[in-house]
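Novice: If you scroll down you'll find the structure; I have some questions about it.
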Amino acid sequence: MNLYQKKIERIKNLKGFTLKKDFAFGSISFLVLAIFLGAGSVLQLAISPFLGIEAVVAVSTAVFLCALVIAIFPLWVTMTSLLLMLWVGVVGGLSVYLYPITIFATLGLLFSSSFQLVYHWDKVIILRLGKFHKVQGPGLFLLIPLVDRIAEFLDMRIRATDFSAEKTLTKDTVPVHVDALCFWMIWDAKKAILEVEDYTEAVILSAQTALRDSIGKHPLSSLLSKREELGREIQQALDAKTNPWGVSILSVEITDIIIPKELEDSLSKQAQAEREKESRIILGAAEVEIAKKFREASAEYAKDSIALQLRSMNMIYEGIRQNNSMMLMPASILDHMDFGAVLGSAALQKQQETEQADKQKEQV
C-alpha cells in the first residue's frame, strides 16, 4: 500500500501536470531565425557550391521543424536536445561540409529564442540561473540563452472572478447558496510569483473562505437586505490576506442568494401578511379620520335642519345619476325630508332676491 499516495488523494485542489515554459517563441523569433538561415545558406553555397541547393533546403527544412517543436514546447532542454539531434543528423546523415549553415542555424535558434516581446498590459519575471533577476516591463528585450528563463507572464489589468458558497448555514441556521463577483488586480508582480504558488487559485479559494465566514456571521434577513455591507466586509477581510502576495482586492459584489424553496414560500406568506397588516392599519386610520369628519359634519347639520335635508336630497340624486338606475325608497322618507318646507324656503329666498334686485334698479 502506498501511504503517500493516499495522503495526496485527500487534497481537493491537487494540481495536475502543467508544462512550464522558459521563453516565448513567436513571430519575431521566426523572423530572426529566417535571417540567420538566409545568411547561413549564402555562406554555405559560397564555401561548398558542389553540395548543391538540395542539401541546403534539407537542412533549412529540418531547422524549421525544430523551430515548430520549440514553439510548442518552449524550454531550454527542448532547445538543446533538438540542436544535438540536428548536428547528429547533418554530420552523420548528410555531410560534414554542411557545418556553415548548421552553425548559423544553431545561432539562429538560440538568438531567436532570446528575442521576447511583452505586451503593454503584461510584466514578466526573469530568473537567472534559478534566482530572481528582475521584473521586465512591456516591450522587446533579450534573454541570455540557457541562462535566463521567464518564470511567468503576468497580466496587470483588473480581473473579474466569480466564486460561490454552496449550502452554507447562516447565523440563524438557514442553508443558502451565494454567488459573488470579485474584482482584483496584481500590484506587485514579484510578490505574486515568489510569495504564492498560484495566485489565481489562492485568491479564489480565499474569497470562498471569506464568503462562507461572512455568511455564518449574519442572519438571512441581513444577507438579503444588506448585500453592499456584506460585500465590503468580504473585500476588507480578503484584501488583508492577499495584500502580502502583491494582489489587491478592489471590490466584492454579491450577485445572487438562493434559498430553499420551502423557505421562499414561507417568506412570501410572511411578506403578504405584513402587507395585509399595513393595509388594515391604513384603513383603520382612514376610518378614524372619516369618523372625525362625520362628527364635525353632524354638528353643522344639527344647527341647520334644512342643510341636512338638502344633503339627503343630494345623496339620492348622486346615487341615481352615477348608477344610472332606479332607486326604491320607502314612502315615509318624503315626510322626513319635508320637501314642502324645503321647496317653500327655497321659493321664499328666490322671491326675496328678486325684490331686492328690483329695489336696486329703482334706486338707480
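How things are named: the first chain in the C-alpha cells is A, the next is B, and so on; residues count from 1 in each chain; ligands count from 1 in the order shown.
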So which residues of range 189-271 of chain A fall under alpha helix (DSSP H) by DSSP, listed as a CSV table (one decimal) with N, CA, C and O atoms, in the first residue's frame?

Specialist:
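In the end it all went to selection.csv:
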chain,number,residue,atom,x,y,z
A,189,ALA,N,4.3,42.4,-9.2
A,189,ALA,CA,4.5,41.1,-9.9
A,189,ALA,C,5.5,40.2,-9.2
A,189,ALA,O,5.3,39.0,-9.2
A,190,LYS,N,6.5,40.8,-8.6
A,190,LYS,CA,7.5,39.9,-7.9
A,190,LYS,C,6.9,39.1,-6.8
A,190,LYS,O,7.1,37.9,-6.7
A,191,LYS,N,6.1,39.8,-5.9
A,191,LYS,CA,5.4,39.1,-4.8
A,191,LYS,C,4.4,38.0,-5.3
A,191,LYS,O,4.3,36.9,-4.7
A,192,ALA,N,3.7,38.4,-6.3
A,192,ALA,CA,2.7,37.4,-6.8
A,192,ALA,C,3.3,36.1,-7.3
A,192,ALA,O,2.6,35.1,-7.3
A,193,ILE,N,4.6,36.1,-7.8
A,193,ILE,CA,5.2,34.9,-8.2
A,193,ILE,C,6.0,34.2,-7.2
A,193,ILE,O,6.0,33.0,-7.0
A,194,LEU,N,6.7,35.0,-6.4
A,194,LEU,CA,7.7,34.5,-5.4
A,194,LEU,C,7.0,34.1,-4.1
A,194,LEU,O,7.5,33.3,-3.3
A,199,TYR,N,-1.3,32.3,-7.7
A,199,TYR,CA,-2.1,33.5,-7.1
A,199,TYR,C,-3.5,33.5,-7.5
A,199,TYR,O,-4.4,33.9,-6.7
A,200,THR,N,-3.9,33.0,-8.7
A,200,THR,CA,-5.3,33.0,-9.1
A,200,THR,C,-6.1,32.0,-8.2
A,200,THR,O,-7.2,32.4,-7.7
A,201,GLU,N,-5.6,30.8,-8.1
A,201,GLU,CA,-6.4,29.9,-7.3
A,201,GLU,C,-6.4,30.3,-5.8
A,201,GLU,O,-7.4,30.1,-5.1
A,202,ALA,N,-5.3,30.9,-5.3
A,202,ALA,CA,-5.2,31.4,-4.0
A,202,ALA,C,-6.3,32.4,-3.7
A,202,ALA,O,-6.9,32.4,-2.6
A,203,VAL,N,-6.5,33.3,-4.7
A,203,VAL,CA,-7.5,34.4,-4.5
A,203,VAL,C,-8.9,33.8,-4.5
A,203,VAL,O,-9.7,34.2,-3.7
A,204,ILE,N,-9.1,32.8,-5.4
A,204,ILE,CA,-10.5,32.2,-5.4
A,204,ILE,C,-10.8,31.5,-4.2
A,204,ILE,O,-11.9,31.6,-3.6
A,205,LEU,N,-9.9,30.6,-3.7
A,205,LEU,CA,-10.1,29.9,-2.5
A,205,LEU,C,-10.2,30.8,-1.3
A,205,LEU,O,-11.1,30.5,-0.4
A,206,SER,N,-9.4,31.8,-1.2
A,206,SER,CA,-9.5,32.7,-0.1
A,206,SER,C,-10.9,33.5,-0.1
A,206,SER,O,-11.5,33.7,0.9
A,207,ALA,N,-11.3,33.8,-1.3
A,207,ALA,CA,-12.6,34.5,-1.4
A,207,ALA,C,-13.8,33.6,-1.0
A,207,ALA,O,-14.7,34.1,-0.3
A,208,GLN,N,-13.7,32.3,-1.4
A,208,GLN,CA,-14.8,31.4,-0.9
A,208,GLN,C,-14.8,31.3,0.6
A,208,GLN,O,-15.8,31.2,1.2
A,209,THR,N,-13.6,31.2,1.2
A,209,THR,CA,-13.5,31.0,2.6
A,209,THR,C,-14.0,32.3,3.3
A,209,THR,O,-14.8,32.2,4.3
A,210,ALA,N,-13.7,33.5,2.8
A,210,ALA,CA,-14.2,34.7,3.4
A,210,ALA,C,-15.7,34.8,3.3
A,210,ALA,O,-16.4,35.3,4.2
A,211,LEU,N,-16.2,34.4,2.1
A,211,LEU,CA,-17.6,34.4,1.9
A,211,LEU,C,-18.4,33.5,2.9
A,211,LEU,O,-19.4,33.9,3.5
A,212,ARG,N,-17.9,32.3,3.0
A,212,ARG,CA,-18.5,31.4,4.0
A,212,ARG,C,-18.5,31.9,5.4
A,212,ARG,O,-19.4,31.8,6.2
A,213,ASP,N,-17.3,32.5,5.8
A,213,ASP,CA,-17.2,33.0,7.1
A,213,ASP,C,-18.2,34.2,7.4
A,213,ASP,O,-18.8,34.3,8.4
A,214,SER,N,-18.3,35.0,6.4
A,214,SER,CA,-19.2,36.2,6.5
A,214,SER,C,-20.7,35.7,6.5
A,214,SER,O,-21.5,36.3,7.3
A,215,ILE,N,-21.0,34.7,5.8
A,215,ILE,CA,-22.4,34.2,5.8
A,215,ILE,C,-22.7,33.6,7.2
A,215,ILE,O,-23.8,33.9,7.7
A,216,GLY,N,-21.8,32.9,7.8
A,216,GLY,CA,-22.1,32.4,9.1
A,216,GLY,C,-22.2,33.4,10.2
A,216,GLY,O,-22.7,33.1,11.3
A,217,LYS,N,-21.8,34.7,10.0
A,217,LYS,CA,-21.9,35.7,11.0
A,217,LYS,C,-23.2,36.5,10.9
A,217,LYS,O,-23.5,37.4,11.7
A,220,LEU,N,-30.3,35.5,7.9
A,220,LEU,CA,-30.7,35.5,6.5
A,220,LEU,C,-31.3,36.9,6.1
A,220,LEU,O,-31.0,37.4,5.0
A,221,SER,N,-32.0,37.5,7.0
A,221,SER,CA,-32.6,38.8,6.7
A,221,SER,C,-31.5,39.9,6.4
A,221,SER,O,-31.6,40.7,5.5
A,222,SER,N,-30.4,39.8,7.1
A,222,SER,CA,-29.3,40.7,6.9
A,222,SER,C,-28.6,40.4,5.5
A,222,SER,O,-28.2,41.3,4.8
A,223,LEU,N,-28.5,39.1,5.1
A,223,LEU,CA,-27.9,38.8,3.8
A,223,LEU,C,-28.8,39.4,2.7
A,223,LEU,O,-28.2,39.8,1.7
A,224,LEU,N,-30.1,39.3,2.9
A,224,LEU,CA,-31.0,39.7,1.8
A,224,LEU,C,-31.1,41.2,1.7
A,224,LEU,O,-31.2,41.7,0.6
A,225,SER,N,-30.9,41.9,2.8
A,225,SER,CA,-31.2,43.4,2.7
A,225,SER,C,-29.9,44.2,2.8
A,225,SER,O,-29.9,45.4,2.4
A,227,ARG,N,-26.6,43.6,1.2
A,227,ARG,CA,-25.6,43.0,0.3
A,227,ARG,C,-24.4,43.8,0.2
A,227,ARG,O,-23.3,43.3,0.1
A,228,GLU,N,-24.5,45.1,0.1
A,228,GLU,CA,-23.4,46.0,-0.1
A,228,GLU,C,-22.5,45.9,1.1
A,228,GLU,O,-21.2,45.9,1.0
A,229,GLU,N,-23.1,45.9,2.3
A,229,GLU,CA,-22.2,45.9,3.5
A,229,GLU,C,-21.5,44.5,3.6
A,229,GLU,O,-20.4,44.4,4.0
A,230,LEU,N,-22.2,43.4,3.2
A,230,LEU,CA,-21.6,42.1,3.2
A,230,LEU,C,-20.4,42.1,2.2
A,230,LEU,O,-19.4,41.5,2.5
A,231,GLY,N,-20.6,42.7,1.0
A,231,GLY,CA,-19.5,42.7,0.1
A,231,GLY,C,-18.3,43.5,0.6
A,231,GLY,O,-17.2,43.1,0.4
A,232,ARG,N,-18.5,44.6,1.2
A,232,ARG,CA,-17.4,45.4,1.8
A,232,ARG,C,-16.7,44.6,2.9
A,232,ARG,O,-15.5,44.7,3.0
A,233,GLU,N,-17.4,43.9,3.7
A,233,GLU,CA,-16.8,43.1,4.8
A,233,GLU,C,-15.9,42.0,4.2
A,233,GLU,O,-14.8,41.8,4.6
A,234,ILE,N,-16.4,41.3,3.1
A,234,ILE,CA,-15.6,40.3,2.5
A,234,ILE,C,-14.4,40.9,1.8
A,234,ILE,O,-13.3,40.4,1.9
A,235,GLN,N,-14.6,42.1,1.2
A,235,GLN,CA,-13.5,42.7,0.5
A,235,GLN,C,-12.3,43.1,1.5
A,235,GLN,O,-11.2,42.9,1.2
A,236,GLN,N,-12.7,43.6,2.6
A,236,GLN,CA,-11.7,44.0,3.6
A,236,GLN,C,-10.9,42.8,4.1
A,236,GLN,O,-9.7,42.8,4.3
A,237,ALA,N,-11.7,41.7,4.5
A,237,ALA,CA,-11.0,40.5,5.0
A,237,ALA,C,-10.1,39.9,4.0
A,237,ALA,O,-9.0,39.4,4.3
A,238,LEU,N,-10.6,39.9,2.7
A,238,LEU,CA,-9.8,39.2,1.6
A,238,LEU,C,-8.6,40.0,1.3
A,238,LEU,O,-7.5,39.5,1.0
A,239,ASP,N,-8.7,41.4,1.2
A,239,ASP,CA,-7.6,42.2,0.9
A,239,ASP,C,-6.5,42.1,1.9
A,239,ASP,O,-5.3,42.2,1.6
A,240,ALA,N,-6.9,42.0,3.2
A,240,ALA,CA,-5.9,41.8,4.2
A,240,ALA,C,-5.1,40.6,4.1
A,240,ALA,O,-3.9,40.5,4.4
A,241,LYS,N,-5.7,39.5,3.5
A,241,LYS,CA,-5.0,38.3,3.3
A,241,LYS,C,-4.1,38.3,2.0
A,241,LYS,O,-3.0,37.7,2.0
A,242,THR,N,-4.6,38.9,0.9
A,242,THR,CA,-3.9,38.8,-0.3
A,242,THR,C,-2.9,39.9,-0.6
A,242,THR,O,-2.1,39.8,-1.5
A,261,LYS,N,-36.6,26.2,-1.4
A,261,LYS,CA,-38.0,26.5,-2.0
A,261,LYS,C,-39.0,26.7,-0.9
A,261,LYS,O,-39.9,27.5,-0.9
A,262,GLU,N,-38.9,25.8,0.2
A,262,GLU,CA,-39.9,25.9,1.3
A,262,GLU,C,-39.8,27.2,2.0
A,262,GLU,O,-40.8,27.8,2.4
A,263,LEU,N,-38.5,27.7,2.2
A,263,LEU,CA,-38.4,29.0,2.8
A,263,LEU,C,-38.8,30.1,2.0
A,263,LEU,O,-39.3,31.1,2.5
A,264,GLU,N,-38.7,30.0,0.7
A,264,GLU,CA,-39.2,31.0,-0.2
A,264,GLU,C,-40.7,31.2,0.0
A,264,GLU,O,-41.3,32.3,0.0
A,265,ASP,N,-41.5,30.0,0.1
A,265,ASP,CA,-42.9,30.1,0.3
A,265,ASP,C,-43.3,30.8,1.6
A,265,ASP,O,-44.2,31.6,1.7
A,266,SER,N,-42.5,30.4,2.6
A,266,SER,CA,-42.7,31.0,3.9
A,266,SER,C,-42.5,32.5,4.0
A,266,SER,O,-43.3,33.3,4.5
A,267,LEU,N,-41.4,32.9,3.3
A,267,LEU,CA,-41.1,34.3,3.2
A,267,LEU,C,-42.2,35.1,2.4
A,267,LEU,O,-42.5,36.2,2.7
A,268,SER,N,-42.7,34.4,1.4
A,268,SER,CA,-43.7,35.0,0.6
A,268,SER,C,-45.0,35.2,1.4
A,268,SER,O,-45.6,36.3,1.4
A,269,LYS,N,-45.4,34.2,2.2
A,269,LYS,CA,-46.5,34.3,3.0
A,269,LYS,C,-46.3,35.4,4.1
A,269,LYS,O,-47.3,36.2,4.4
A,270,GLN,N,-45.1,35.4,4.6
A,270,GLN,CA,-44.8,36.5,5.7
A,270,GLN,C,-44.9,37.9,5.1
A,270,GLN,O,-45.5,38.8,5.7
A,271,ALA,N,-44.4,38.0,3.9
A,271,ALA,CA,-44.5,39.3,3.2
A,271,ALA,C,-45.9,39.7,2.9
A,271,ALA,O,-46.3,40.9,3.1

Novice: Identify, on the basis of only C-alpha atoms, every residue whose closest approach to range 148-156 of chain A does not exceed 10 Å; exclude the query and any residue fewer than 2 positions from it along the same chain; express the result as a PyMOL selection string.

Specialist: chain A and resi 20-24+75-76+114+116+118-133+135-136+142-146+158-159+184-190+192-194

Novice: I'd like the contact shell of His177 in chain A - 7 Å cut-off, only C-alpha atoms, skipping same-chain residues fewer than 5 positions apart - returned as a ChimeraX atom specification.

Specialist: /A:165-168,257-259

Novice: Under the rule that only C-alpha atoms are counted, which of A:Thr80, A:Ser95, A:Ser27, A:Thr161 is the nearest residue to Leu51 in chain A?

Specialist: A:Ser95

Novice: Please identify all polymer residues within 7 Å of Glu253 in chain A, counting only C-alpha atoms, omitting same-chain residues fewer than 5 positions from it, and present them as a list of chain:residue names.

Specialist: A:Ala180, A:Leu181, A:Cys182, A:Gly231

Novice: Rounded to one decimal, what separation in Å do you get between CA of Ile103 in chain A and CA of Phe64 in chain A?

Specialist: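 CA of Ile103 in chain A sits 14.5 Å away from CA of Phe64 in chain A.
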
Novice: Return as an MDAnalysis selection string the full set of residues in range 138-249 of chain A whose backbone-based DSSP assignment is strand (DSSP E).

Specialist: chainID A and resid 139:142 148:155 159:169 175:186 247:249

Novice: Keeping C-alpha atoms, export the residues of the selection given above as a short mmCIF file (atom, residue, chain, number, x, y, z; two decimals), in the first residue's frame.

Specialist:
data_model
loop_
_atom_site.label_atom_id
_atom_site.label_comp_id
_atom_site.auth_asym_id
_atom_site.auth_seq_id
_atom_site.Cartn_x
_atom_site.Cartn_y
_atom_site.Cartn_z
CA GLY A 139 8.41 45.99 -24.98
CA LEU A 140 11.13 43.99 -26.74
CA PHE A 141 14.06 42.59 -24.74
CA LEU A 142 16.67 39.81 -24.88
CA ASP A 148 17.79 33.28 -18.27
CA ARG A 149 14.24 31.98 -18.19
CA ILE A 150 10.84 33.63 -17.86
CA ALA A 151 9.10 32.40 -14.74
CA GLU A 152 5.69 33.84 -15.61
CA PHE A 153 3.83 36.33 -17.79
CA LEU A 154 1.56 38.42 -15.54
CA ASP A 155 -1.48 40.34 -16.72
CA ARG A 159 -9.71 40.89 -13.36
CA ALA A 160 -13.23 39.75 -12.56
CA THR A 161 -13.56 36.33 -10.91
CA ASP A 162 -16.82 34.70 -9.90
CA PHE A 163 -17.00 32.38 -6.89
CA SER A 164 -19.71 30.85 -4.76
CA ALA A 165 -20.50 29.25 -1.41
CA GLU A 166 -22.86 26.29 -1.64
CA LYS A 167 -25.12 25.10 1.21
CA THR A 168 -23.63 27.43 3.78
CA LEU A 169 -25.51 27.96 7.06
CA PRO A 175 -28.81 26.83 4.25
CA VAL A 176 -28.14 29.26 1.40
CA HIS A 177 -26.27 29.28 -1.90
CA VAL A 178 -24.50 32.59 -2.51
CA ASP A 179 -22.84 33.67 -5.75
CA ALA A 180 -20.41 36.60 -5.73
CA LEU A 181 -18.09 38.51 -8.05
CA CYS A 182 -14.61 39.70 -7.10
CA PHE A 183 -12.65 42.46 -8.87
CA TRP A 184 -8.91 42.28 -8.21
CA MET A 185 -5.55 43.10 -9.74
CA ILE A 186 -1.83 42.42 -9.24
CA VAL A 247 -2.68 41.22 -5.01
CA SER A 248 -5.20 43.94 -4.25
CA ILE A 249 -8.94 43.24 -3.93
#

Novice: So what do you get for CA of Ser48 in chain A versus CA of Met85 in chain A, distance-wise?

Specialist: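 We find that CA of Ser48 in chain A and CA of Met85 in chain A lie 22.6 Å from each other.
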
Novice: Using only C-alpha atoms, can you tell me which of A:Leu250, A:Leu109, A:Ala55, A:Leu94 comes closest to Ile70 in chain A?

Specialist: A:Leu109

Novice: Hey, can you check how far CA of Pro100 in chain A sits from CA of Ser41 in chain A?

Specialist: 8.0 Å

Novice: Excluding same-chain residues fewer than 4 positions from Gly38 in chain A, what lies within 9 Å of it counting only C-alpha atoms, as an mmCIF file with N, CA, C and O atoms, in the first residue's frame?

Specialist:
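The resulting result_11.cif:
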data_model
loop_
_atom_site.group_PDB
_atom_site.id
_atom_site.type_symbol
_atom_site.label_atom_id
_atom_site.label_comp_id
_atom_site.auth_asym_id
_atom_site.auth_seq_id
_atom_site.Cartn_x
_atom_site.Cartn_y
_atom_site.Cartn_z
ATOM 1 N N LEU A 33 15.143 33.817 -36.961
ATOM 2 C CA LEU A 33 15.658 32.532 -37.437
ATOM 3 C C LEU A 33 15.780 32.522 -38.954
ATOM 4 O O LEU A 33 16.767 31.989 -39.512
ATOM 5 N N ALA A 34 14.811 33.104 -39.649
ATOM 6 C CA ALA A 34 14.880 33.150 -41.115
ATOM 7 C C ALA A 34 16.067 33.975 -41.587
ATOM 8 O O ALA A 34 16.735 33.625 -42.584
ATOM 9 N N VAL A 42 23.610 31.431 -47.818
ATOM 10 C CA VAL A 42 24.510 32.135 -48.739
ATOM 11 C C VAL A 42 25.960 31.740 -48.489
ATOM 12 O O VAL A 42 26.736 31.470 -49.430
ATOM 13 N N LEU A 43 26.329 31.683 -47.197
ATOM 14 C CA LEU A 43 27.710 31.312 -46.870
ATOM 15 C C LEU A 43 27.994 29.871 -47.260
ATOM 16 O O LEU A 43 29.093 29.550 -47.753
ATOM 17 N N ILE A 101 26.044 26.296 -42.587
ATOM 18 C CA ILE A 101 24.615 26.542 -42.389
ATOM 19 C C ILE A 101 24.133 25.962 -41.067
ATOM 20 O O ILE A 101 23.230 26.493 -40.422
ATOM 21 N N PHE A 104 25.057 28.500 -38.379
ATOM 22 C CA PHE A 104 24.126 29.627 -38.415
ATOM 23 C C PHE A 104 22.735 29.212 -37.920
ATOM 24 O O PHE A 104 22.030 30.008 -37.283
#
